[in-house]
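start.txt follows (compact mmCIF, C-alpha atoms):
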```txt
# COMPACT_ATOMS: atom_id res chain seq x y z
CA MET A 1 44.64 10.81 -32.66
CA GLU A 2 41.07 9.60 -32.14
CA GLN A 3 38.88 10.00 -35.22
CA THR A 4 35.23 10.89 -35.31
CA SER A 5 33.01 8.53 -37.29
CA ILE A 6 30.45 11.21 -38.15
CA LYS A 7 31.21 14.37 -40.10
CA TYR A 8 28.86 17.24 -40.69
CA TYR A 9 28.69 20.07 -43.15
CA HIS A 10 26.55 23.10 -43.85
CA PRO A 11 24.96 22.64 -47.25
CA TYR A 12 24.05 25.57 -49.44
CA VAL A 13 20.57 26.84 -48.69
CA SER A 14 18.72 28.84 -51.32
CA PRO A 15 16.15 31.49 -50.34
CA PHE A 16 13.86 29.71 -52.82
CA ASP A 17 14.11 26.21 -51.34
CA PRO A 18 10.51 25.03 -50.94
CA CYS A 19 11.05 22.63 -48.02
CA PRO A 20 12.24 23.90 -44.63
CA PRO A 21 16.04 23.75 -44.95
CA LYS A 22 18.24 21.33 -43.06
CA ARG A 23 21.22 23.52 -42.28
CA ILE A 24 23.46 20.71 -41.08
CA LYS A 25 23.89 17.38 -42.81
CA TYR A 26 25.81 14.36 -41.58
CA TYR A 27 27.68 11.56 -43.21
CA SER A 28 29.44 8.46 -41.98
CA THR A 29 33.22 8.06 -41.94
CA PRO A 30 33.61 4.61 -40.39
CA PRO A 31 36.86 3.65 -38.63
CA ASN A 32 38.04 1.35 -41.44
CA LEU A 33 38.67 4.51 -43.51
CA TYR A 34 41.53 5.36 -41.15
CA ILE A 35 43.14 1.96 -40.61
CA ARG A 36 45.49 0.63 -43.31
CA PHE A 37 46.48 -2.62 -41.63
CA GLN A 38 44.87 -3.33 -38.34
CA PRO A 39 47.57 -3.34 -35.63
CA MET A 40 48.20 -6.52 -33.67
CA ASN A 41 46.68 -7.02 -30.23
CA THR A 42 44.17 -4.19 -30.23
CA ALA A 43 41.41 -4.08 -27.64
CA GLN A 44 38.68 -6.73 -27.85
CA PHE A 45 35.06 -6.90 -26.79
CA PRO A 46 34.07 -9.70 -24.42
CA ILE A 47 33.18 -12.70 -26.58
CA GLU A 48 29.39 -12.54 -25.98
CA GLU A 49 29.33 -8.85 -26.83
CA ALA A 50 31.49 -9.43 -29.91
CA LEU A 51 28.94 -11.89 -31.27
CA TYR A 52 26.24 -9.31 -30.73
CA ARG A 53 28.17 -6.41 -32.28
CA GLY A 54 29.53 -8.23 -35.32
CA THR A 55 33.19 -7.68 -34.51
CA LEU A 56 35.69 -8.71 -31.90
CA TRP A 57 37.62 -5.50 -32.39
CA LYS A 58 36.71 -2.33 -30.58
CA CYS A 59 38.58 -0.20 -33.11
CA LEU A 60 36.33 -1.48 -35.93
CA TYR A 61 32.96 -1.09 -34.25
CA ASP A 62 30.88 1.79 -35.55
CA PRO A 63 27.13 2.38 -35.51
CA TYR A 64 25.77 4.18 -38.55
CA PRO A 65 25.08 7.82 -37.65
CA PRO A 66 21.46 8.81 -37.09
CA LYS A 67 19.58 10.10 -40.14
CA ARG A 68 20.33 13.70 -41.04
CA GLU A 69 18.42 15.90 -38.67
CA GLU A 70 18.38 19.52 -37.64
CA GLY A 71 21.53 20.22 -35.62
CA MET B 72 24.56 24.36 -68.18
CA TRP B 73 27.45 23.60 -70.45
CA LEU B 74 29.49 25.43 -73.02
CA TYR B 75 30.41 23.31 -76.01
CA GLU B 76 33.72 23.42 -77.83
CA LYS B 77 33.42 21.97 -81.27
CA LYS B 78 36.50 19.75 -81.08
CA LEU B 79 37.56 16.53 -79.45
CA GLN B 80 39.48 16.49 -76.16
CA TYR B 81 42.18 14.43 -77.87
CA PRO B 82 42.33 13.76 -81.62
CA VAL B 83 40.94 10.50 -82.93
CA LYS B 84 42.58 8.96 -85.97
CA VAL B 85 41.65 5.57 -87.37
CA SER B 86 43.92 3.82 -89.89
CA GLN B 87 41.46 1.34 -91.43
CA CYS B 88 37.85 0.25 -91.62
CA ASN B 89 37.59 -2.30 -88.80
CA PRO B 90 34.06 -3.14 -87.61
CA ARG B 91 35.34 -5.88 -85.31
CA LEU B 92 37.32 -3.35 -83.29
CA ALA B 93 34.21 -1.15 -83.15
CA LYS B 94 32.33 -4.11 -81.67
CA TYR B 95 34.89 -4.29 -78.86
CA LEU B 96 35.09 -0.52 -78.38
CA ILE B 97 31.35 -0.22 -77.86
CA GLU B 98 31.99 -1.65 -74.39
CA GLN B 99 33.35 1.79 -73.45
CA TYR B 100 30.36 3.48 -75.09
CA GLY B 101 27.41 1.71 -73.51
CA GLY B 102 28.98 -0.82 -71.14
CA ALA B 103 28.81 -0.93 -67.33
CA ASP B 104 32.16 0.83 -66.86
CA GLY B 105 31.94 2.87 -70.04
CA GLU B 106 31.98 6.61 -70.49
CA LEU B 107 28.19 7.05 -70.53
CA SER B 108 27.89 5.27 -67.20
CA ALA B 109 30.72 7.36 -65.78
CA ALA B 110 29.31 10.71 -66.90
CA LEU B 111 25.79 9.98 -65.68
CA ARG B 112 27.02 8.47 -62.41
CA TYR B 113 29.13 11.47 -61.39
CA LEU B 114 26.82 14.21 -62.59
CA ASN B 115 23.93 12.56 -60.76
CA GLN B 116 25.81 12.02 -57.49
CA ARG B 117 26.70 15.72 -57.37
CA TYR B 118 23.42 16.72 -55.79
CA THR B 119 23.75 14.75 -52.58
CA ILE B 120 27.48 14.90 -51.90
CA PRO B 121 29.07 17.44 -49.50
CA ASP B 122 29.65 20.85 -51.08
CA LYS B 123 33.43 20.52 -50.96
CA VAL B 124 33.51 17.78 -53.60
CA VAL B 125 30.58 18.80 -55.81
CA GLY B 126 32.90 20.69 -58.15
CA LEU B 127 35.11 17.65 -58.65
CA LEU B 128 32.18 15.44 -59.67
CA ASN B 129 30.99 18.22 -61.95
CA ASP B 130 34.34 18.54 -63.71
CA ILE B 131 35.07 14.83 -64.06
CA GLY B 132 31.49 14.07 -65.15
CA THR B 133 31.83 16.71 -67.82
CA GLU B 134 35.15 15.28 -69.01
CA GLU B 135 33.53 11.85 -69.28
CA PHE B 136 31.16 13.27 -71.89
CA ALA B 137 34.21 14.47 -73.82
CA HIS B 138 35.53 10.90 -73.65
CA LEU B 139 32.15 9.53 -74.76
CA GLU B 140 32.37 11.76 -77.79
CA MET B 141 35.83 10.40 -78.60
CA ILE B 142 34.60 6.80 -78.36
CA ALA B 143 31.62 7.67 -80.55
CA THR B 144 33.98 9.13 -83.14
CA MET B 145 36.13 5.98 -83.07
CA ILE B 146 33.15 3.65 -83.52
CA TYR B 147 31.75 5.86 -86.25
CA LYS B 148 35.02 5.92 -88.18
CA LEU B 149 35.72 2.20 -87.73
CA THR B 150 32.34 1.27 -89.24
CA LYS B 151 31.78 4.14 -91.66
CA ASP B 152 30.78 2.87 -95.11
CA ALA B 153 31.30 -0.76 -94.10
CA THR B 154 29.03 -3.08 -96.08
CA PRO B 155 26.41 -5.24 -94.35
CA GLU B 156 28.60 -8.23 -95.26
CA GLN B 157 31.61 -6.68 -93.53
CA LEU B 158 29.54 -5.96 -90.44
CA GLN B 159 28.23 -9.51 -90.45
CA GLN B 160 31.74 -10.94 -90.72
CA ALA B 161 32.76 -8.80 -87.74
CA GLY B 162 29.97 -10.26 -85.63
CA LEU B 163 27.79 -7.18 -86.03
CA GLY B 164 25.07 -8.80 -88.18
CA ASP B 165 22.43 -8.59 -85.46
CA TYR B 166 23.58 -5.05 -84.65
CA TYR B 167 23.07 -4.09 -88.30
CA VAL B 168 19.57 -5.57 -88.29
CA ASN B 169 18.60 -3.42 -85.34
CA HIS B 170 20.54 -0.20 -85.95
CA ASP B 171 21.98 -0.03 -89.47
CA GLN B 172 25.08 2.21 -89.11
CA ALA B 173 23.68 4.13 -86.15
CA LEU B 174 25.49 4.24 -82.83
CA TYR B 175 23.72 2.63 -79.93
CA TYR B 176 24.42 2.42 -76.20
CA GLN B 177 25.21 -1.23 -75.67
CA ASN B 178 28.14 -3.27 -74.42
CA ALA B 179 30.44 -5.47 -76.49
CA ALA B 180 28.14 -8.46 -75.98
CA GLY B 181 25.10 -6.51 -77.21
CA SER B 182 23.30 -5.80 -73.93
CA PRO B 183 21.73 -2.33 -73.99
CA TRP B 184 22.86 0.28 -71.46
CA THR B 185 20.88 0.23 -68.23
CA ALA B 186 20.68 2.55 -65.24
CA THR B 187 21.38 -0.48 -63.06
CA TYR B 188 25.04 -0.02 -64.10
CA ILE B 189 25.25 3.03 -61.83
CA GLN B 190 24.39 3.77 -58.25
CA ALA B 191 23.70 6.81 -56.12
CA LYS B 192 23.69 5.55 -52.56
CA GLY B 193 23.50 8.89 -50.78
CA ASP B 194 26.39 7.85 -48.55
CA PRO B 195 29.29 10.03 -49.76
CA ILE B 196 32.05 7.55 -48.99
CA ALA B 197 30.15 4.68 -50.62
CA ASP B 198 29.50 6.77 -53.72
CA LEU B 199 33.13 7.89 -54.07
CA TYR B 200 34.40 4.33 -53.64
CA GLU B 201 32.10 3.22 -56.44
CA ASP B 202 33.55 6.02 -58.56
CA ILE B 203 37.13 4.92 -57.83
CA ALA B 204 36.25 1.31 -58.67
CA ALA B 205 34.61 2.43 -61.92
CA GLU B 206 37.75 4.32 -62.97
CA GLU B 207 39.99 1.34 -62.25
CA LYS B 208 37.68 -0.99 -64.18
CA ALA B 209 37.51 1.40 -67.13
CA ARG B 210 41.31 1.61 -67.19
CA ALA B 211 41.57 -2.18 -67.36
CA THR B 212 38.92 -2.27 -70.10
CA TYR B 213 40.95 0.18 -72.17
CA GLN B 214 43.99 -2.05 -71.84
CA TRP B 215 42.05 -5.18 -72.85
CA ILE B 216 40.80 -3.31 -75.93
CA ILE B 217 44.35 -2.18 -76.77
CA ASP B 218 45.43 -5.83 -76.44
CA LEU B 219 42.95 -6.77 -79.17
CA SER B 220 43.63 -3.75 -81.38
CA ASP B 221 46.16 -3.62 -84.20
CA ASP B 222 45.42 0.01 -85.08
CA PRO B 223 48.40 2.12 -83.89
CA PHE B 224 46.61 5.45 -84.43
CA LEU B 225 43.55 4.38 -82.50
CA ASN B 226 45.74 3.03 -79.71
CA GLU B 227 47.25 6.48 -79.24
CA SER B 228 43.82 7.86 -78.33
CA LEU B 229 43.00 4.82 -76.18
CA LYS B 230 46.23 5.27 -74.21
CA PHE B 231 45.29 8.88 -73.54
CA LEU B 232 41.90 7.76 -72.20
CA ARG B 233 43.53 4.98 -70.16
CA GLU B 234 45.75 7.55 -68.46
CA ARG B 235 42.80 9.84 -67.66
CA GLU B 236 41.30 6.99 -65.62
CA ILE B 237 44.33 7.07 -63.31
CA VAL B 238 44.03 10.83 -62.87
CA HIS B 239 40.33 10.61 -62.09
CA ALA B 240 40.81 7.77 -59.60
CA GLN B 241 43.49 9.86 -57.87
CA ARG B 242 41.14 12.86 -57.63
CA PHE B 243 38.38 10.70 -56.17
CA HIS B 244 40.82 9.34 -53.60
CA GLU B 245 41.67 12.94 -52.71
CA ALA B 246 37.96 13.70 -52.36
CA VAL B 247 37.69 10.83 -49.85
CA GLU B 248 40.62 12.35 -47.93
CA ILE B 249 38.84 15.71 -47.86
CA LEU B 250 35.68 14.08 -46.49
CA LYS B 251 37.74 12.23 -43.86
CA GLU B 252 39.21 15.45 -42.47
CA GLU B 253 38.07 16.62 -39.08
CA ARG B 254 36.50 19.93 -39.96
CA ASP B 255 36.39 21.62 -36.57
CA ARG B 256 39.71 20.36 -35.33
CA LYS B 257 42.27 23.13 -35.20
CA LYS B 258 45.17 22.46 -37.51
CA VAL B 259 48.51 23.09 -35.85
CA PHE B 260 51.46 23.88 -38.05
```
Take the structure in the file and give it back as structure tokens.
Amino acid sequence: MEQTSIKYYHPYVSPFDPCPPKRIKYYSTPPNLYIRFQPMNTAQFPIEEALYRGTLWKCLYDPYPPKREEG
Amino acid sequence: MWLYEKKLQYPVKVSQCNPRLAKYLIEQYGGADGELSAALRYLNQRYTIPDKVVGLLNDIGTEEFAHLEMIATMIYKLTKDATPEQLQQAGLGDYYVNHDQALYYQNAAGSPWTATYIQAKGDPIADLYEDIAAEEKARATYQWIIDLSDDPFLNESLKFLREREIVHAQRFHEAVEILKEERDRKKVF
């Protein structure tokens, strides 16, 4: 089952919060959280792209989610 | 806020005056992986962690203060009424100069507690992994202290604290599992 690498939740919002509330907040759950031992022979990036991305392995690549913003 | 129960979480009994053991134990009082660091770390991280695991940090952070109080009692009893000469012989001469018999947040080597021992990264997974690591390190520290201790009564209390580290690490692992769950995915049974 494919995992998402961003999770969101609805934080508690008080009627007395002074700043405009962010009703949805995000956090990162990168793919390495879900892989115990990496399986053999998983998909690879082309070598040039791998150097750019920091990993050869597609299953390990994950950009950090954008900063928490209004959803 | 907190409600206070005027008793220790687990009884602390000390068989003899032993300032040298107190010098080692202070690692768990004001050291990097000690109980003060643990309590402040968890209670501080509560504010910026997803709602589902706030209660866990609250409960474990509170228990860490109960542990801190046990360690304080141990150090107090181990050094109570010791003479300056006894403290000096135990390697606590410079401690005595600075603090007399008072308890102070420092590690076994004498470095004062510092907020740089703890982190609040804002990334929930990073914070929980730090918490798990801290519990595992504290558990090892308890064992190393037991290795150097010849006080069977004190060791009883230390073994209780050592076991609590396992339980807390387990709960933090479970918190990570909760945060890993796909919230909007329908669960099929």
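Residue list for chain B within 8 Å of chain A: B:Pro121, B:Asp122, B:Asp194, B:Pro195, B:Ile196, B:Leu250, B:Lys251, B:Glu253, B:Arg254, counting all atoms listed in the file.
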- prompt: Leaving out range 38-47 of chain A and any residue of its chain fewer than 6 positions from it, which residues lie within 10 Å of it when counting all atoms listed in the file, given as a ChimeraX atom specification?
  reply: /A:32,53,55-61
task: Write out as a PyMOL selection string the residues lying within 8 Å of Ala209 in chain B, counting only C-alpha atoms and excluding same-chain residues fewer than 2 positions away.
output: chain B and resi 99+104-105+205-207+211-213+233+236
message: If I take CA of Thr154 in chain B and CA of Ser86 in chain B, how far is one from the other in Å, to one decimal?
response: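 Answer for the CA of Thr154 in chain B to CA of Ser86 in chain B separation: 17.5 Å.
The shortest atom-to-atom distance to Ser228 in chain B, with all atoms listed in the file taken into account, belongs to B:Gln80 out of B:Gln80, B:Gln87, B:Thr187, B:Gln172.
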query: What separation in Å, quoted to one decimal, exists between CA of Trp215 in chain B and CA of Glu135 in chain B?
result: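 Distance between the two atoms: 19.4 Å.
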task: Scan for residues within 8 Å of the point (22.7, -5.9, -92.7) in the coordinates of the file, using all atoms listed in the file, and reply as a list in words.
output: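 Final list of nearby residues, as requested, is Thr154, Pro155, Glu156, Leu158, Gln159, Gly164, Asp165, Tyr167, Val168 and Asp171 of chain B.
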task: Would you list the contacts of Ile142 in chain B as an NGL selection string, taking every protein, DNA or RNA residue within 9 Å and counting only C-alpha atoms, but skipping same-chain residues closer than 6 positions in sequence?
output: :B and (83 or 96-97 or 99-100 or 106 or 229)
message: Using only C-alpha atoms, which protein or nucleic acid residues come within 9 Å of Asn115 in chain B? Drop anything in the same chain fewer than 4 positions from it, and give the result as a list of chain:residue names.
response: B:Ala110, B:Leu111, B:Thr119, B:Leu128, B:Gly132, B:Ala191
